[in-house]
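Here the structure is laid out as structure tokens; the discussion comes afterwards.
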Amino acid sequence: MFGLRRQWIAVSLVSVAIAGCDATQPIAPPVYEEFVVGLGGMTAHTIDSVTYVSYDVQVADSTGTRLIEGALVRFRVSFGTVGPDTTTSRSDGGASGLWTFPGVMGSPGHTEYLSACASNSMTRCDTYRHLVGISVKNP
């Protein structure tokens, strides 16, 4: 008698677990989350009137206390080109790139910016923040 009761309870628990799964229902997308991007370091040099700025960034949660692996990091520049313009943060929360523009660094000049945004979304990143501002003198 007790053996039948145990089997019935086991079957009932499995039935409840299966009833909660409905393959026809769409899976909800993750809640949008934006992350903090900070400049980790950079080096710059000019060759033949073209400036190359190598940079490293760190991606952290909104409190700045936990580094984020797998965040989609997007870069923009106000002048020149950046590569890659989109990348994924590494296991240490880092990402790297190269900003290239015609001209040399120095005053007097105009200020150009490297900006970044990071999120968990392939289609959305709302807040770009300036990471670097460089005074550029055209060649």
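Naming scheme: A, B, ... for chains in displayed order of the structure tokens; residues 1 onward per chain; ligands 1 onward as shown.
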Residues within 9 Å of His130 (chain A), only C-alpha atoms, excluding chain neighbours under 3 positions, as a ChimeraX atom specification: /A:113-116,133
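Here CA of Gly94 (chain A) stands at a distance of 13.4 Å from CA of Ser54 (chain A).
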Give me the residues near Met42 (chain A) as number ranges by chain, where near means some atom within 9 Å (using only C-alpha atoms) and where sequence neighbours in that chain fewer than 4 positions away do not count. A: 53-57
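Closest approach to Asp48 (chain A) among A:Val104, A:Ala95, A:Val82, A:Val73 is made by A:Val104 (distances from only C-alpha atoms).
Between CA of Gly103 (chain A) and CA of Gly38 (chain A) there is a distance of 25.5 Å.
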Secondary structure check, helix (DSSP H, G or I) residues of chain A, as a PyMOL selection string: chain A and resi 2-19
Which one is closest to Leu72 (chain A): A:Met105, A:Tyr32, A:Ser89, A:Ala60? Count only C-alpha atoms.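 Residue with the minimum atom-to-atom distance to Leu72 (chain A): A:Ser89.
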Would you kindly return, as a PDB file with C-alpha atoms, in the first residue's frame, each protein, DNA or RNA residue with an atom no farther than 12 Å from any atom of Phe101 (chain A), considering only C-alpha atoms and excluding same-chain residues fewer than 5 positions away?
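Once everything was written out, this is around.pdb:
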ATOM      1  CA  ALA A  44      48.950  57.463 -28.410  1.00  0.00           C
ATOM      2  CA  HIS A  45      51.472  58.204 -31.106  1.00  0.00           C
ATOM      3  CA  THR A  46      51.582  60.098 -34.382  1.00  0.00           C
ATOM      4  CA  ILE A  47      53.159  58.773 -37.574  1.00  0.00           C
ATOM      5  CA  ASP A  48      53.151  60.827 -40.808  1.00  0.00           C
ATOM      6  CA  SER A  49      50.433  63.210 -39.514  1.00  0.00           C
ATOM      7  CA  VAL A  50      48.109  60.364 -38.458  1.00  0.00           C
ATOM      8  CA  THR A  51      47.445  59.749 -34.760  1.00  0.00           C
ATOM      9  CA  TYR A  52      46.838  56.259 -33.354  1.00  0.00           C
ATOM     10  CA  VAL A  53      45.281  55.870 -29.904  1.00  0.00           C
ATOM     11  CA  SER A  54      45.237  52.350 -28.424  1.00  0.00           C
ATOM     12  CA  VAL A  77      34.381  58.846 -32.086  1.00  0.00           C
ATOM     13  CA  SER A  78      33.670  62.441 -33.042  1.00  0.00           C
ATOM     14  CA  PHE A  79      36.537  62.405 -35.549  1.00  0.00           C
ATOM     15  CA  GLY A  80      38.395  59.656 -37.399  1.00  0.00           C
ATOM     16  CA  THR A  81      37.662  55.939 -37.125  1.00  0.00           C
ATOM     17  CA  VAL A  82      37.531  53.367 -34.353  1.00  0.00           C
ATOM     18  CA  GLY A  83      38.016  49.643 -34.549  1.00  0.00           C
ATOM     19  CA  GLU A 112      37.692  65.299 -30.285  1.00  0.00           C
ATOM     20  CA  TYR A 113      36.181  62.481 -28.235  1.00  0.00           C
ATOM     21  CA  LEU A 114      36.154  58.707 -27.872  1.00  0.00           C
ATOM     22  CA  ILE A 134      42.111  64.895 -27.226  1.00  0.00           C
ATOM     23  CA  SER A 135      43.059  68.272 -28.604  1.00  0.00           C
ATOM     24  CA  VAL A 136      43.738  67.793 -32.317  1.00  0.00           C
ATOM     25  CA  LYS A 137      45.659  70.089 -34.640  1.00  0.00           C
ATOM     26  CA  ASN A 138      44.997  69.332 -38.317  1.00  0.00           C
ATOM     27  CA  PRO A 139      48.077  68.602 -40.427  1.00  0.00           C
TER      28      PRO A 139
END
Every residue of chain A that DSSP places in strand (DSSP E), as a PyMOL selection string: chain A and resi 34-47+50-60+72-77+81-83+86-88+94-102+104-119+129-137
